[in-house]
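Undergrad: Handing you a structure now.
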Amino acid sequence: MTESYLDNVWYCAAVADEIRDFPLARTICDRPIVFFRTAAGTVAALDDRCSHRQAPLSLARMVDGRLECSYHGFTFDGTGRCVHIPHQDAVPRAADIRSYPAVEHNGLVWLWFGAPEAAAGVPVPAMPWIDDPAQRCVFMRFAVDANFQLMADNLMDVSHTDFLHRTSIGSQTGRANDDDTKVELECDVDGDRVRFMRRVKNTLLGPIATKWAGSSKRTTRTNHLVWEAPNTIHSVLEFKNEESHHTIHLDHIMTPETPSTMHYFMPWTRDFGLDNVSYPTDDDVRQEQTLVVCGDDIPMVEAQQRNIARFGVLTDVPSRQDRFVVTVHRRLAALYAENGRPVPPELQRLGKGA
Amino acid sequence: MTESYLDNVWYCAAVADEIRDFPLARTICDRPIVFFRTAAGTVAALDDRCSHRQAPLSLARMVDGRLECSYHGFTFDGTGRCVHIPHQDAVPRAADIRSYPAVEHNGLVWLWFGAPEAAAGVPVPAMPWIDDPAQRCVFMRFAVDANFQLMADNLMDVSHTDFLHRTSIGSQTGRANDDDTKVELECDVDGDRVRFMRRVKNTLLGPIATKWAGSSKRTTRTNHLVWEAPNTIHSVLEFKNEESHHTIHLDHIMTPETPSTMHYFMPWTRDFGLDNVSYPTDDDVRQEQTLVVCGDDIPMVEAQQRNIARFGVLTDVPSRQDRFVVTVHRRLAALYAENGRPVPPELQRLGKGA
Amino acid sequence: MTESYLDNVWYCAAVADEIRDFPLARTICDRPIVFFRTAAGTVAALDDRCSHRQAPLSLARMVDGRLECSYHGFTFDGTGRCVHIPHQDAVPRAADIRSYPAVEHNGLVWLWFGAPEAAAGVPVPAMPWIDDPAQRCVFMRFAVDANFQLMADNLMDVSHTDFLHRTSIGSQTGRANDDDTKVELECDVDGDRVRFMRRVKNTLLGPIATKWAGSSKRTTRTNHLVWEAPNTIHSVLEFKNEESHHTIHLDHIMTPETPSTMHYFMPWTRDFGLDNVSYPTDDDVRQEQTLVVCGDDIPMVEAQQRNIARFGVLTDVPSRQDRFVVTVHRRLAALYAENGRPVPPELQRLGKGA
C-alpha cells in the first residue's frame with residue numbers, strides 16, 4: 001500500500017472459495033499479502049513475510065490454523081501475532097506481523113488498508129442478487145497487465161461493445177450512426193455513487209446476446225450501471241422484446257495489484273437458465289465470457305497500457321459516449337484530493353472533447 | 001523521436017513490399033508508427049495511437065483505405081485526420097493524429113521526422129542499381145539488439161571480414177600480416193558523404209566469395225564504400241582476376257528502433273546469376289547472407305552492446321584499419337552538434353589509437 | 001568491482017577444473033571477467049572486453065595460450081598485454097587490458113580486486129582436508145539469484161535444518177522445544193574469524209544423515225563452523241554415537257556475482273565411503289546435496305531476496321539461535337567501515353531480538 005492508492009475504501013481481494021486452509025499469496029495495492037483461513041474458518045490477511053528473516057509466509061506450513069514459517073519455524077496466528085519461536089520461551093512483540101481487516105460478503109473477500117477502527121463504519125459494496133435463490137452466479141477472475149482504471153473505463157464506455165466486440169457480443173445496428181436518437185444516455189451523481197443508463201432501442205443483438213435472449217427479433221437493450229469507489233461497477237443488462245425479457249447482473253470489480261496490473265473479478269448473475277437447461281449452463285457462461293474478456297477486452301486495455309507507457313504523457317479526446325467515464329474520473333480525482341493523495345496519471349489524461 | 005536523433009534526415013522504415021492494405025506497427029527512432037497504404041496506394045505513416053483513448057491504431061480495421069480504431073470506432077485517413085466518431089456529428093480537430101512524410105524510392109520506404117516543409121528539399125539516398133534491369137536485387141531486413149552505430153561501424157571496419165567471418169567469407173591471406181602493402185586504404189570526405197576504398201591484392205577468397213566469383217585463383221578484392229547520414233553505407237564489392245569479374249552492390253541501411261535496437265535493411269544487388277542459373281539464385285543469396293549476418297555480425301554487435309552497457313563508460317582504441325570509422329564518427333558528431341543535438345555516447349568512445 | 005564490495009579479500013571464482021584452454025566468462029563482484037589457462041597452464045583473469053571495440057574476449061579464439069579477439073584479431077596474453085594488432089607493427093600500450101591476480105589452491109581459483117602488490121600478503125582460505133588422501137572431496141557449484149549474504153546467513157543459522165529441511169536432512173527431535181538443554185551454542189571471535197559450535201545431543205537424525213551415519217540410533221550431532229571474510233564458512237559436521245563416528249567437511253563459499261546474484265561453491269569432503277563402497281559414491285553425494293540445496297535452500301533465499309525487494313526497507317527480528325549470524329554481521333559491517341565502504345543493506349537489517 002503506497003501513496004498511490006485510496007486507503008479508506010474496501011478492495012476486493014479474492015473470491016471466497018479461493019481462500020482455504022493453506023496459504024494464498026496475492027499482491028493487493030502493491031502490498032504482498034498472505035491469505036488463509038484460521039481454525040475457526042475466518043479469513044486472515046497478513047503481510048506476506050516472516051518477521052524473523054523476511055521469508056514469505058505464503059511458503060509456510062499450516063499447523064492448527066496457524067502459519068509455521070518454513071525457514072526457521074516462527075509461528076503466526078490469524079491476527080499476525082507471533083505465537084512461537086523454536087528453542088526459546090519468550091516471544092518479543094516485535095516479531096508480530098501486520099494484519100488487515102478482511103470481510104467475506106456475497107461470496108467475495110474484501111480488504112481494508114486504512115485505520116482498522118475505521119473499517120466498521122464503511123460497508124463493502126452490496127450485491128444481494130449473488131445470494132438471491134431466484135438467480136444464479138458464476139464467479140470469474142482475470143489477471144490483467146494494465147492499470148485498473150483502464151478496465152473500469154472500458155466497462156463504463158459502453159459504446160465499445162459494437163466495435164471491440166464486433167464479432168462476439170456487438171451488433172451491426174449498434175455500430176451505425178444513421179439514427180442517433182436510438183441511443184439514450186443518462187448520467188447522474190448519487191452521493192458517493194455515479195449512476196449511468198444507456199439504452200439502445202430496436203437493435204439487433206450480436207450472436208451471443210441473441211442466444212441469451214433466445215430471440216432474434218429487434219430488442220431494447222438497456223444497461224444500468226452504478227459505479228462506486230474505488231472501481232466497482234454494478235451493471236444490470238436487460239434485453240426486452242415482445243418475446244423475451246432477460247436480466248444479467250454483471251458486477252465488475254477492479255482491484256490494483258500494482259500500478260500497471262490488476263485483479264479483475266466478475267461475478268455474473270443471471271435470472272434465466274437456472275434449472276437443468278441445456279443452455280446456458282455455468283460452463284457456457286464461463287466459456288463465453290472468457291472468450292470475450294480474454295479475447296477482446298484484456299488485449300485492448302493491455303495494448304493501451306503499453307501504448308501510454310511508450311508515448312509518455314498523453315491527453316485523451318472524450319466522445320459524446322464518454323459522459324459516464326468523465327463523471328467518474330472527476331469524482332475519483334476529487335476523492336484522491338480529499339484524502340490528500342496525488343491524483344494518479346490515469347485520471348489526468350482527459351482533455352476537452354466533443 | 002527524441003532529442004537523441006537527427007531529425008532532418010530520411011530514415012529507412014521498411015521494404016516497400018512490407019506496407020500493404022493492413023496496418024504495420026514499427027517503432028522508428030523511439031516513435032511507434034503505424035504504416036498502411038491508402039485507397040490510392042500511397043504509403044501513410046501515423047503515430048500508432050488513437051486520439052480517443054490511446055489504443056494502438058495498428059490494431060485498427062482497414063475500411064476503405066482508412067483506419068477504424070478497434071476500440072470505439074474513431075476513424076482516421078492517411079493524413080492522420082479523424083474523419084468519423086461514432087454516434088456524433090462533429091469531429092473536433094483535437095482528435096487528429098500526427099502523420100509523417102513518407103516516400104517510396106528504389107523499393108524502400110523512407111520517413112522524415114523534421115519539419116514537414118523541409119522534407120522536399122532533401123533527397124532520399126539514391127540506389128539506382130536496385131531498379132537497373134541489368135542487375136538483380138534481393139531485399140533483406142534484420143532486427144538487431146544493438147545501437148545502430150555499432151552495426152555501421154562493423155560495416156565500415158572492413159578488416160573484420162578475415163576474423164569475424166573467418167569460416168564464411170574471410171580469407172587466410174587477408175588475416176596474415178606478412179605483406180602489409182597488399183592492403184590499400186583511401187578515405188576522403190565528399191560534402192555530406194564519406195568515401196572509402198579498401199583493396200586487397202592477390203588474395204585467396206573465402207569459400208562463399210570463391211563460389212560467387214566462380215574462380216579459386218588469386219583475386220583482387222576491392223571494396224568502395226560511400227557513407228551518408230544518418231547511417232547508410234553503399235558498398236560496391238568487386239572481385240577481379242584473369243578469369244572473372246563480378247560486382248555486388250551491397251547497401252547497408254541502419255535505422256534506430258530504440259537507442260539499443262535497430263532495423264538493419266540490406267538490399268543486395270548482383271550483376272551475375274541473373275538468368276535461370278543454378279547458382280546463385282535469390283534463395284542462395286538470402287541463405288548465405290542470413291548465415292553470415294545472423295551467425296557472425298549480429299551476435300557480435302549484440303555482444304558489444306551488452307558489454308558496453310555492463311562495463312559502463314569506455315574508450316575504444318582505434319587501429320590503422322579504422323580510418324573510415326574515425327572519419328564518419330567525426331562527421332556524424334559534427335552533424336549532431338550543428339543540429340543542436342547531444343552527441344550520442346556511441347560517438348564519444350573513440351580514443352587515441354595507432 | 002564497485003564500491004559495494006570489499007576489495008582486499010580473495011573471492012572464490014571457480015573450481016580449478018572449470019578453467020581450461022578456452023575462455024570462460026564469469027562475472028565476479030559485478031565485474032565481467034574472462035578466465036583461461038596460458039600455455040604454461042597458469043590461470044589468467046582479464047576484463048572480459050577487447051580494448052579495440054569492446055567485444056567480449058570470452059568470444060575470442062585461443063591461439064598458443066593467448067586470446068585472439070574474434071572481431072578484428074587484437075591478441076592478448078595472460079597478463080592482459082596486447083601483443084598483436086593485425087595490419088600494423090606498433091601496438092600502443094593503451095590497447096592493454098586489466099588483469100587480476102588469481103591463485104589456484106585446494107582445487108579452487110581465487111581472485112583479487114585490490115591493489116595487486118597487496119595480494120601476496122593475504123593468504124587464501126586454507127582447506128587442507130580437500131587434498132588429504134584420507135578424505136575425498138566432491139566439488140559443487142550453484143547459481144543463486146540472491147545476495148550472497150542471504151546464503152551465508154542460511155548456513156550460519158543452523159536451526160533452519162529442522163524446518164527448511166524437514167523432509168530431507170532435518171529431524172523431528174530437532175524441531176521439538178521440550179528439552180531446551182539439548183542444544184548447546186558457542187560463538188567467539190578469533191581475530192579475523194568467527195567460530196561457532198552447535199551441538200544437539202541425543203537426537204534422531206533425518207533420513208539422509210541416517211544413511212551417512214549408517215545408524216538409526218540416537219546421535220550427537222556437532223557442527224563446528226568457522227567464518228572468514230568475505231563469506232567463506234568452513235563447517236565440520238560430526239555424527240557420533242556408540243555405533244559410528246563420521247565427519248564431513250562442508251565448505252560453503254559465497255561469492256557475489258551482482259548485488260542480487262551469487263556463485264555458491266561447495267566442496268564436500270568426507271572421511272567415509274572412500275573405497276569402492278556402494279554408498280555413498282561421489283554421485284550419491286552430488287545428487288543428495290543438489291536435492292537439498294536446489295530443493296530447499298536456494299528457493300528459500302531467492303524468495304527472501306524477492307520479498308525484501310518488494311517490501312522495501314525491513315528489520316529482521318533475530319532469535320536465540322542467531323548468535324553466529326549476529327556476530328558475523330557485526331564483524332563484516334566493521335570491515336566495510338574500516339575499508340571506507342558503505343555497509344550493504346543486507347548487513348543493516350538486524351533489529352533487536354530475543
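The way I read the labels, and the way they are meant: chains A, B, ... in the order of the C-alpha cells, residue 1 as the first residue of every chain, and ligand 1 as the first ligand shown, with later ones counted on from there.
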Up to 12 Å from chain C, what residues of chain A turn up? Count only C-alpha atoms and give them as an MDAnalysis selection string.

TA: chainID A and resid 1:2 25 27 30:33 47:61 68:75 82 84:97 258

Undergrad: From a DSSP pass on the backbone, collect the residues of range 56-293 of chain A flagged as strand (DSSP E or B) and hand them back as a short mmCIF file (atom, residue, chain, number, x, y, z; two decimals) with N, CA and C atoms, in the first residue's frame.

TA:
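As written to disk, part-v8.cif reads:
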data_model
loop_
_atom_site.label_atom_id
_atom_site.label_comp_id
_atom_site.auth_asym_id
_atom_site.auth_seq_id
_atom_site.Cartn_x
_atom_site.Cartn_y
_atom_site.Cartn_z
N ARG A 61 3.94 -23.67 6.38
CA ARG A 61 3.06 -24.81 6.61
C ARG A 61 1.91 -24.35 7.49
N MET A 62 0.69 -24.84 7.23
CA MET A 62 -0.42 -24.58 8.13
C MET A 62 -0.40 -25.63 9.21
N VAL A 63 -0.34 -25.20 10.48
CA VAL A 63 -0.39 -26.12 11.60
C VAL A 63 -1.49 -25.61 12.55
N ARG A 66 -2.66 -22.11 11.97
CA ARG A 66 -1.63 -21.08 12.09
C ARG A 66 -0.56 -21.31 11.04
N LEU A 67 0.24 -20.26 10.78
CA LEU A 67 1.31 -20.37 9.78
C LEU A 67 2.63 -20.65 10.49
N GLU A 68 3.25 -21.78 10.15
CA GLU A 68 4.59 -22.07 10.67
C GLU A 68 5.59 -21.79 9.56
N THR A 75 6.00 -18.98 14.28
CA THR A 75 4.60 -19.36 14.03
C THR A 75 3.67 -18.17 14.32
N PHE A 76 2.69 -17.94 13.42
CA PHE A 76 1.81 -16.77 13.50
C PHE A 76 0.35 -17.18 13.47
N CYS A 82 2.89 -13.35 16.65
CA CYS A 82 3.87 -14.44 16.65
C CYS A 82 3.66 -15.23 17.94
N VAL A 83 3.26 -16.48 17.80
CA VAL A 83 2.90 -17.26 18.99
C VAL A 83 3.96 -18.28 19.38
N HIS A 84 5.03 -18.42 18.57
CA HIS A 84 6.06 -19.41 18.90
C HIS A 84 7.35 -19.13 18.12
N SER A 99 -1.52 -7.34 10.30
CA SER A 99 -2.68 -7.99 9.67
C SER A 99 -3.63 -6.91 9.19
N ALA A 102 -10.41 -7.99 7.09
CA ALA A 102 -10.93 -8.65 5.89
C ALA A 102 -12.35 -9.11 6.18
N VAL A 103 -13.26 -8.89 5.25
CA VAL A 103 -14.63 -9.38 5.44
C VAL A 103 -15.06 -10.21 4.23
N GLU A 104 -15.94 -11.14 4.52
CA GLU A 104 -16.47 -12.04 3.49
C GLU A 104 -17.93 -11.66 3.30
N HIS A 105 -18.34 -11.38 2.07
CA HIS A 105 -19.71 -10.92 1.85
C HIS A 105 -20.09 -11.23 0.41
N LEU A 108 -17.52 -12.90 -1.82
CA LEU A 108 -16.25 -12.24 -2.11
C LEU A 108 -15.57 -11.85 -0.81
N VAL A 109 -14.25 -11.67 -0.88
CA VAL A 109 -13.48 -11.26 0.28
C VAL A 109 -12.92 -9.87 0.01
N TRP A 110 -13.12 -8.96 0.97
CA TRP A 110 -12.70 -7.56 0.82
C TRP A 110 -11.66 -7.20 1.87
N LEU A 111 -10.73 -6.31 1.49
CA LEU A 111 -9.59 -5.97 2.33
C LEU A 111 -9.57 -4.47 2.58
N TRP A 112 -9.08 -4.09 3.75
CA TRP A 112 -9.09 -2.69 4.19
C TRP A 112 -7.67 -2.27 4.56
N ARG A 136 -28.64 -16.91 -10.32
CA ARG A 136 -27.52 -17.86 -10.25
C ARG A 136 -26.23 -17.14 -10.66
N CYS A 137 -25.22 -17.26 -9.80
CA CYS A 137 -23.98 -16.51 -10.04
C CYS A 137 -22.82 -17.42 -10.44
N VAL A 138 -22.08 -16.99 -11.45
CA VAL A 138 -20.81 -17.62 -11.81
C VAL A 138 -19.71 -16.61 -11.50
N PHE A 139 -18.76 -17.00 -10.64
CA PHE A 139 -17.66 -16.09 -10.29
C PHE A 139 -16.51 -16.26 -11.28
N MET A 140 -16.01 -15.15 -11.80
CA MET A 140 -14.82 -15.23 -12.67
C MET A 140 -13.78 -14.24 -12.17
N ARG A 141 -12.53 -14.57 -12.44
CA ARG A 141 -11.42 -13.70 -12.04
C ARG A 141 -10.38 -13.70 -13.15
N PHE A 142 -9.89 -12.51 -13.50
CA PHE A 142 -8.91 -12.39 -14.58
C PHE A 142 -7.72 -11.56 -14.11
N ALA A 143 -6.53 -11.92 -14.55
CA ALA A 143 -5.32 -11.14 -14.28
C ALA A 143 -5.05 -10.27 -15.51
N VAL A 144 -4.90 -8.98 -15.31
CA VAL A 144 -4.76 -8.05 -16.44
C VAL A 144 -3.53 -7.18 -16.23
N VAL A 183 -29.95 5.91 -29.36
CA VAL A 183 -29.16 5.75 -28.14
C VAL A 183 -29.54 6.80 -27.12
N GLU A 184 -30.00 6.35 -25.97
CA GLU A 184 -30.31 7.26 -24.86
C GLU A 184 -29.25 7.11 -23.79
N LEU A 185 -28.78 8.26 -23.28
CA LEU A 185 -27.79 8.24 -22.21
C LEU A 185 -28.32 9.04 -21.04
N GLU A 186 -28.09 8.53 -19.82
CA GLU A 186 -28.38 9.31 -18.63
C GLU A 186 -27.25 9.09 -17.65
N CYS A 187 -26.89 10.15 -16.96
CA CYS A 187 -25.78 10.02 -16.02
C CYS A 187 -26.03 10.97 -14.86
N ASP A 188 -25.98 10.47 -13.62
CA ASP A 188 -26.10 11.40 -12.50
C ASP A 188 -25.33 10.88 -11.29
N VAL A 189 -24.89 11.85 -10.49
CA VAL A 189 -24.13 11.52 -9.29
C VAL A 189 -25.11 11.37 -8.14
N ASP A 190 -24.96 10.26 -7.38
CA ASP A 190 -25.88 9.94 -6.30
C ASP A 190 -25.03 9.67 -5.05
N ARG A 193 -21.90 7.53 -5.25
CA ARG A 193 -22.02 6.66 -6.42
C ARG A 193 -22.30 7.49 -7.67
N VAL A 194 -22.00 6.90 -8.80
CA VAL A 194 -22.37 7.52 -10.07
C VAL A 194 -23.25 6.52 -10.81
N ARG A 195 -24.41 7.00 -11.24
CA ARG A 195 -25.35 6.14 -11.96
C ARG A 195 -25.34 6.48 -13.44
N PHE A 196 -25.50 5.48 -14.25
CA PHE A 196 -25.44 5.69 -15.69
C PHE A 196 -26.44 4.74 -16.34
N MET A 197 -27.09 5.24 -17.40
CA MET A 197 -28.01 4.39 -18.14
C MET A 197 -27.74 4.59 -19.63
N ARG A 198 -27.67 3.52 -20.36
CA ARG A 198 -27.56 3.60 -21.82
C ARG A 198 -28.57 2.61 -22.40
N ARG A 199 -29.46 3.14 -23.23
CA ARG A 199 -30.49 2.29 -23.82
C ARG A 199 -30.39 2.39 -25.34
N VAL A 200 -30.31 1.24 -25.99
CA VAL A 200 -30.36 1.19 -27.45
C VAL A 200 -31.66 0.49 -27.81
N LYS A 201 -32.54 1.27 -28.48
CA LYS A 201 -33.86 0.73 -28.81
C LYS A 201 -33.82 0.08 -30.18
N ASN A 202 -34.63 -0.96 -30.31
CA ASN A 202 -34.89 -1.51 -31.64
C ASN A 202 -33.62 -2.00 -32.31
N THR A 203 -32.74 -2.60 -31.53
CA THR A 203 -31.46 -3.03 -32.09
C THR A 203 -31.47 -4.53 -32.36
N THR A 219 -34.66 -5.76 -30.39
CA THR A 219 -34.72 -5.80 -28.94
C THR A 219 -34.32 -4.44 -28.38
N THR A 220 -34.83 -4.12 -27.23
CA THR A 220 -34.34 -2.96 -26.49
C THR A 220 -33.30 -3.46 -25.49
N ARG A 221 -32.10 -2.94 -25.64
CA ARG A 221 -31.02 -3.34 -24.73
C ARG A 221 -30.75 -2.18 -23.78
N THR A 222 -31.00 -2.38 -22.51
CA THR A 222 -30.80 -1.32 -21.53
C THR A 222 -29.71 -1.74 -20.56
N ASN A 223 -28.80 -0.82 -20.33
CA ASN A 223 -27.70 -1.10 -19.42
C ASN A 223 -27.71 -0.05 -18.31
N HIS A 224 -28.06 -0.49 -17.09
CA HIS A 224 -27.97 0.39 -15.92
C HIS A 224 -26.65 0.11 -15.24
N LEU A 225 -25.89 1.16 -14.97
CA LEU A 225 -24.61 0.95 -14.31
C LEU A 225 -24.52 1.84 -13.08
N VAL A 226 -23.95 1.29 -12.03
CA VAL A 226 -23.68 2.07 -10.83
C VAL A 226 -22.22 1.87 -10.49
N TRP A 227 -21.52 2.99 -10.39
CA TRP A 227 -20.09 2.91 -10.01
C TRP A 227 -19.94 3.30 -8.56
N GLU A 228 -19.08 2.59 -7.84
CA GLU A 228 -18.66 3.09 -6.52
C GLU A 228 -17.16 2.85 -6.34
N THR A 232 -15.71 -0.35 -8.49
CA THR A 232 -16.69 -1.43 -8.65
C THR A 232 -17.81 -0.89 -9.52
N ILE A 233 -18.15 -1.65 -10.54
CA ILE A 233 -19.23 -1.23 -11.45
C ILE A 233 -20.30 -2.32 -11.47
N HIS A 234 -21.44 -1.99 -10.92
CA HIS A 234 -22.58 -2.91 -10.95
C HIS A 234 -23.35 -2.64 -12.23
N SER A 235 -23.43 -3.62 -13.07
CA SER A 235 -24.10 -3.43 -14.35
C SER A 235 -25.31 -4.35 -14.40
N VAL A 236 -26.46 -3.76 -14.72
CA VAL A 236 -27.65 -4.59 -14.94
C VAL A 236 -27.97 -4.48 -16.42
N LEU A 237 -27.91 -5.62 -17.08
CA LEU A 237 -28.09 -5.66 -18.53
C LEU A 237 -29.44 -6.33 -18.79
N GLU A 238 -30.33 -5.57 -19.47
CA GLU A 238 -31.69 -6.04 -19.68
C GLU A 238 -31.96 -6.14 -21.18
N PHE A 239 -32.44 -7.30 -21.61
CA PHE A 239 -32.83 -7.48 -23.01
C PHE A 239 -34.35 -7.69 -23.03
N LYS A 240 -35.03 -6.86 -23.79
CA LYS A 240 -36.50 -6.95 -23.73
C LYS A 240 -37.09 -6.75 -25.11
N HIS A 245 -37.62 -11.51 -22.00
CA HIS A 245 -37.16 -10.50 -21.06
C HIS A 245 -36.15 -11.17 -20.14
N HIS A 246 -34.88 -10.79 -20.33
CA HIS A 246 -33.81 -11.43 -19.56
C HIS A 246 -32.97 -10.37 -18.87
N THR A 247 -32.50 -10.71 -17.68
CA THR A 247 -31.68 -9.77 -16.94
C THR A 247 -30.39 -10.45 -16.48
N ILE A 248 -29.28 -9.72 -16.62
CA ILE A 248 -28.00 -10.20 -16.13
C ILE A 248 -27.42 -9.14 -15.20
N HIS A 249 -27.03 -9.56 -13.99
CA HIS A 249 -26.25 -8.68 -13.11
C HIS A 249 -24.78 -9.00 -13.34
N LEU A 250 -24.10 -8.04 -13.89
CA LEU A 250 -22.71 -8.24 -14.24
C LEU A 250 -21.90 -7.28 -13.37
N ASP A 251 -21.31 -7.80 -12.30
CA ASP A 251 -20.52 -6.93 -11.44
C ASP A 251 -19.06 -6.99 -11.85
N HIS A 252 -18.51 -5.83 -12.09
CA HIS A 252 -17.10 -5.74 -12.49
C HIS A 252 -16.36 -5.09 -11.33
N ILE A 253 -15.40 -5.80 -10.77
CA ILE A 253 -14.69 -5.26 -9.60
C ILE A 253 -13.22 -5.26 -9.92
N MET A 254 -12.66 -4.06 -10.02
CA MET A 254 -11.25 -3.91 -10.40
C MET A 254 -10.43 -3.55 -9.17
N THR A 255 -9.38 -4.32 -8.93
CA THR A 255 -8.52 -4.08 -7.77
C THR A 255 -7.09 -3.96 -8.26
N PRO A 256 -6.38 -2.90 -7.85
CA PRO A 256 -4.98 -2.79 -8.29
C PRO A 256 -4.13 -3.90 -7.67
N GLU A 257 -3.30 -4.50 -8.48
CA GLU A 257 -2.25 -5.36 -7.94
C GLU A 257 -1.00 -4.49 -7.80
N THR A 258 -0.62 -3.84 -8.89
CA THR A 258 0.45 -2.85 -8.91
C THR A 258 -0.08 -1.69 -9.75
N THR A 261 -0.82 -3.38 -13.12
CA THR A 261 -1.51 -4.67 -13.22
C THR A 261 -2.71 -4.66 -12.28
N MET A 262 -3.68 -5.51 -12.60
CA MET A 262 -4.89 -5.54 -11.76
C MET A 262 -5.44 -6.95 -11.63
N HIS A 263 -6.28 -7.10 -10.60
CA HIS A 263 -7.16 -8.25 -10.47
C HIS A 263 -8.55 -7.80 -10.94
N TYR A 264 -9.14 -8.57 -11.82
CA TYR A 264 -10.46 -8.21 -12.34
C TYR A 264 -11.42 -9.34 -11.95
N PHE A 265 -12.30 -9.03 -11.00
CA PHE A 265 -13.30 -10.01 -10.54
C PHE A 265 -14.61 -9.74 -11.27
N MET A 266 -15.27 -10.79 -11.68
CA MET A 266 -16.53 -10.61 -12.41
C MET A 266 -17.57 -11.66 -12.00
N PRO A 267 -18.34 -11.37 -10.95
CA PRO A 267 -19.50 -12.24 -10.67
C PRO A 267 -20.58 -11.95 -11.73
N TRP A 268 -21.07 -13.00 -12.34
CA TRP A 268 -22.01 -12.88 -13.47
C TRP A 268 -23.29 -13.61 -13.07
N THR A 269 -24.34 -12.84 -12.77
CA THR A 269 -25.55 -13.41 -12.17
C THR A 269 -26.73 -13.28 -13.12
N ARG A 270 -27.40 -14.41 -13.41
CA ARG A 270 -28.48 -14.40 -14.40
C ARG A 270 -29.80 -14.83 -13.76
#

Undergrad: Rank nothing, just name the residue among B:Ile298, B:Ala134, B:Gly80, B:Gln348 nearest to Phe272 in chain B, using only C-alpha atoms.

TA: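 Among the listed residues, B:Ala134 lies closest to Phe272 in chain B.
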
Undergrad: Write out as a list in words the set of residues from range 202-265 of chain B that DSSP, computed on the backbone, places in helix (DSSP H, G or I).

TA: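 For range 202-265 of chain B, the helix (DSSP H, G or I) set is Pro207, Ile208, Ala209, Thr210, Lys211, Trp212 and Ala213 of chain B.
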
Undergrad: If you count only C-alpha atoms, which residues fall within 9 Å of Ala333 in chain C, apart from same-chain ones fewer than 4 positions away, as a list of chain:residue names?

TA: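 Final neighbour list, sorted by chain and number: C:Val328, C:His329, C:Ala337, C:Glu338, C:Pro342, C:Val343, C:Pro344, C:Leu347, C:Gln348.
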